[in-house]
Amino acid sequence: MKSYQVVVLSAIVLGVYAASLDQLQKRDGSQFVAFSAGLTGNVQLVQNDTIKYDHVFLNQGNGYNKMNGVFTCPMDGSYVFIYHGLTETSGQMWLDVYKNGVYELTGYAHTSGDYASASNSIVLDLVNGDTVYIRGRGNSTLYGLPDEVYSTFSGFLLFAGHEQAQGQ
C-alpha cells in the first residue's frame with residue numbers, strides 16, 4: 001500500500017469515527033476524544049525534536065496542542081495512535097513515539113534519491129494528564145506543504161475509564 005493510500009485510509013477511519021461521536025454521545029452520555037493533525041511544512045530531521053503537526057483536522061476533547069505537537073490525555077482509557085511520515089531526500093528517517101517521555105516504538109524509512117514513507121500504530125493505556133508525542137531523527141527531511149499533507153499524527157479513545165493492565 002502506498003503512503004498516500006494509508007493517509008487516505010486513516011482519514012476515512014477518523015472521519016467515520018468523528019461522524020459517529022454525536023450519535024454515540026447522545027446514546028450513552030460518554031465523552032469521546034479524537035484528534036488528527038498534519039504537517040504543512042518541511043522539517044529537517046537532524047535532531048531528536050518533537051514534530052509539531054501544525055494543521056489540525058479534528059481535535060475532539062482538545063487533547064492535541066499544535067504549538068508543541070503533544071497530545072495530553074483528557075480522560076482515562078485506551079487510545080489508538082496512528083502516524084505517517086514521508087521523506088523527500090536521500091537518507092534515513094526515524095519517527096519515534098513517546099509516552100510521558102519514555103520511548104514506545106518507531107516508524108523507519110530509508111531512501112536513496114527518492115521519496116520513502118514510514119508509518120506505525122500503537123494502542124496505549126493512558127490516564128488523565130499523560131502525554132504522547134512523536135520525535136523525528138535522522139538525516140533527511142520530513143515532507144509537508146500546505147497543499148500536500150502526507151505526514152500525519154492521529155489518535156482516538158478506544159475504551160474509556162477502564163482499569164490499567166498490570167505488568168503489561
# chains A, B, ... in the order shown; residues from 1 in each chain; ligands from 1

call {"tool": "closest_atom_pairs", "arguments": {"of": "region 70-135 of chain A", "to": "region 49-59 of chain A", "cutoff": "12 Å", "atoms": "only C-alpha atoms", "output": "CSV"}}
result
residue,atom,partner,partner_atom,distance
A:Val70,CA,A:Lys52,CA,7.8
A:Phe71,CA,A:Asn59,CA,9.9
A:Thr72,CA,A:Asn59,CA,11.5
A:Cys73,CA,A:Asn59,CA,11.9
A:Pro74,CA,A:Asn59,CA,11.6
A:Tyr83,CA,A:Tyr53,CA,10.7
A:His84,CA,A:Tyr53,CA,11.2
A:Gly85,CA,A:Ile51,CA,10.6
A:Trp94,CA,A:Asp49,CA,11.1
A:Leu95,CA,A:Ile51,CA,8.8
A:Asp96,CA,A:Thr50,CA,9.2
A:Val97,CA,A:Thr50,CA,9.6
A:Tyr98,CA,A:Thr50,CA,9.5
A:Gly101,CA,A:Thr50,CA,10.8
A:Val132,CA,A:Thr50,CA,10.3
A:Tyr133,CA,A:Thr50,CA,6.8
A:Ile134,CA,A:Thr50,CA,5.6
A:Arg135,CA,A:Thr50,CA,4.2

call {"tool": "select_by_dssp", "arguments": {"residues": "region 13-161 of chain A", "states": "strand (DSSP E)", "output": "JSON, numbers by chain"}}
result
{"A": [34, 35, 36, 37, 38, 43, 44, 49, 50, 55, 56, 57, 58, 59, 60, 64, 65, 70, 71, 72, 77, 78, 79, 80, 81, 82, 83, 84, 85, 86, 87, 91, 92, 93, 94, 95, 96, 97, 98, 99, 102, 103, 104, 105, 106, 107, 108, 109, 110, 111, 116, 117, 118, 119, 120, 121, 122, 123, 124, 125, 126, 131, 132, 133, 134, 135, 136, 137, 138, 141, 142, 152, 153, 154, 155, 156, 157, 158, 159, 160]}

call {"tool": "residues_around", "arguments": {"residues": "Leu145 (chain A)", "least_positions_apart": "3", "cutoff": "6 Å", "atoms": "only C-alpha atoms", "output": "PyMOL selection string"}}
result
chain A and resi 40-41+148-149

call {"tool": "write_last_selection", "arguments": {"atoms": "N, CA and C atoms", "output": "PDB file, in the first residue's frame"}}
result
ATOM      1  N   THR A  40       2.367  20.841   7.477  1.00  0.00           N
ATOM      2  CA  THR A  40       2.250  21.683   6.278  1.00  0.00           C
ATOM      3  C   THR A  40       3.558  22.373   5.908  1.00  0.00           C
ATOM      4  N   GLY A  41       4.663  21.952   6.486  1.00  0.00           N
ATOM      5  CA  GLY A  41       5.982  22.497   6.155  1.00  0.00           C
ATOM      6  C   GLY A  41       7.041  21.440   6.367  1.00  0.00           C
ATOM      7  N   GLU A 148      -0.035  19.719   0.233  1.00  0.00           N
ATOM      8  CA  GLU A 148       0.403  18.324   0.136  1.00  0.00           C
ATOM      9  C   GLU A 148       0.723  17.805   1.534  1.00  0.00           C
ATOM     10  N   VAL A 149      -0.286  17.361   2.244  1.00  0.00           N
ATOM     11  CA  VAL A 149      -0.119  16.891   3.617  1.00  0.00           C
ATOM     12  C   VAL A 149      -0.002  15.366   3.605  1.00  0.00           C
TER      13      VAL A 149
END

call {"tool": "closest_residue", "arguments": {"among": "A:Thr131, A:Tyr108, A:Ser117, A:Asn100", "to": "Thr152 (chain A)", "atoms": "only C-alpha atoms"}}
result
A:Ser117

call {"tool": "closest_residue", "arguments": {"among": "A:Ala109, A:Asn120, A:Gly155, A:Asp125", "to": "Asn139 (chain A)", "atoms": "only C-alpha atoms"}}
result
A:Ala109

call {"tool": "closest_residue", "arguments": {"among": "A:Asn62, A:Thr106, A:Ser121, A:Ser78", "to": "Gly136 (chain A)", "atoms": "only C-alpha atoms"}}
result
A:Thr106

call {"tool": "atom_distance", "arguments": {"atom1": "CA of Thr141 (chain A)", "atom2": "CA of Ala116 (chain A)"}}
result
10.4 Å

call {"tool": "closest_residue", "arguments": {"among": "A:Gly91, A:Gln44, A:Gly61, A:Val123", "to": "Leu158 (chain A)", "atoms": "only C-alpha atoms"}}
result
A:Val123

call {"tool": "atom_distance", "arguments": {"atom1": "CA of Arg137 (chain A)", "atom2": "CA of Gly38 (chain A)"}}
result
17.7 Å

call {"tool": "residues_around", "arguments": {"residues": "Asp76 (chain A)", "least_positions_apart": "5", "cutoff": "7 Å", "atoms": "only C-alpha atoms", "output": "number ranges by chain"}}
result
A: 126-128, 160-161

call {"tool": "select_by_dssp", "arguments": {"residues": "region 6-143 of chain A", "states": "alpha helix (DSSP H)", "output": "NGL selection string"}}
result
:A and (6-28)

call {"tool": "decode", "arguments": {"residues": "region 80-132 of chain A", "atoms": "C-alpha atoms", "output": "mmCIF file, in the first residue's frame"}}
result
data_model
loop_
_atom_site.group_PDB
_atom_site.id
_atom_site.type_symbol
_atom_site.label_atom_id
_atom_site.label_comp_id
_atom_site.auth_asym_id
_atom_site.auth_seq_id
_atom_site.Cartn_x
_atom_site.Cartn_y
_atom_site.Cartn_z
ATOM 1 C CA VAL A 80 -5.175 4.235 19.398
ATOM 2 C CA PHE A 81 -2.414 6.306 17.778
ATOM 3 C CA ILE A 82 -1.569 6.219 14.057
ATOM 4 C CA TYR A 83 1.136 8.171 12.309
ATOM 5 C CA HIS A 84 2.711 8.507 8.873
ATOM 6 C CA GLY A 85 5.729 10.327 7.517
ATOM 7 C CA LEU A 86 7.144 10.974 4.073
ATOM 8 C CA THR A 87 10.796 11.830 3.493
ATOM 9 C CA GLU A 88 11.833 13.591 0.319
ATOM 10 C CA THR A 89 15.608 13.383 0.243
ATOM 11 C CA SER A 90 18.277 10.706 0.425
ATOM 12 C CA GLY A 91 18.856 9.446 3.927
ATOM 13 C CA GLN A 92 17.175 7.838 6.881
ATOM 14 C CA MET A 93 14.167 8.847 8.961
ATOM 15 C CA TRP A 94 13.017 7.606 12.339
ATOM 16 C CA LEU A 95 9.689 8.716 13.820
ATOM 17 C CA ASP A 96 9.611 7.655 17.485
ATOM 18 C CA VAL A 97 6.509 7.610 19.703
ATOM 19 C CA TYR A 98 6.963 8.670 23.320
ATOM 20 C CA LYS A 99 4.569 8.324 26.246
ATOM 21 C CA ASN A 100 5.403 10.595 29.193
ATOM 22 C CA GLY A 101 8.986 10.925 27.931
ATOM 23 C CA VAL A 102 9.507 7.170 27.579
ATOM 24 C CA TYR A 103 10.169 5.615 24.167
ATOM 25 C CA GLU A 104 7.444 3.241 22.896
ATOM 26 C CA LEU A 105 8.032 2.406 19.173
ATOM 27 C CA THR A 106 9.443 3.617 15.840
ATOM 28 C CA GLY A 107 8.475 4.077 12.213
ATOM 29 C CA TYR A 108 11.538 3.884 9.932
ATOM 30 C CA ALA A 109 12.280 4.783 6.323
ATOM 31 C CA HIS A 110 15.426 4.761 4.189
ATOM 32 C CA THR A 111 15.788 6.209 0.723
ATOM 33 C CA SER A 112 18.468 6.897 -1.829
ATOM 34 C CA GLY A 113 17.468 9.824 -4.037
ATOM 35 C CA ASP A 114 13.709 9.313 -3.861
ATOM 36 C CA TYR A 115 10.739 9.532 -1.519
ATOM 37 C CA ALA A 116 10.209 6.991 1.261
ATOM 38 C CA SER A 117 7.483 6.589 3.853
ATOM 39 C CA ALA A 118 7.192 5.287 7.380
ATOM 40 C CA SER A 119 4.118 4.574 9.456
ATOM 41 C CA ASN A 120 3.154 2.743 12.586
ATOM 42 C CA SER A 121 0.364 2.476 15.134
ATOM 43 C CA ILE A 122 0.019 1.621 18.793
ATOM 44 C CA VAL A 123 -2.660 1.197 21.473
ATOM 45 C CA LEU A 124 -1.703 2.742 24.817
ATOM 46 C CA ASP A 125 -3.378 2.811 28.224
ATOM 47 C CA LEU A 126 -3.421 6.430 29.404
ATOM 48 C CA VAL A 127 -4.590 8.329 32.456
ATOM 49 C CA ASN A 128 -5.624 11.963 32.602
ATOM 50 C CA GLY A 129 -2.538 14.141 32.039
ATOM 51 C CA ASP A 130 -0.378 11.535 30.265
ATOM 52 C CA THR A 131 1.381 12.833 27.156
ATOM 53 C CA VAL A 132 2.049 11.217 23.774
#
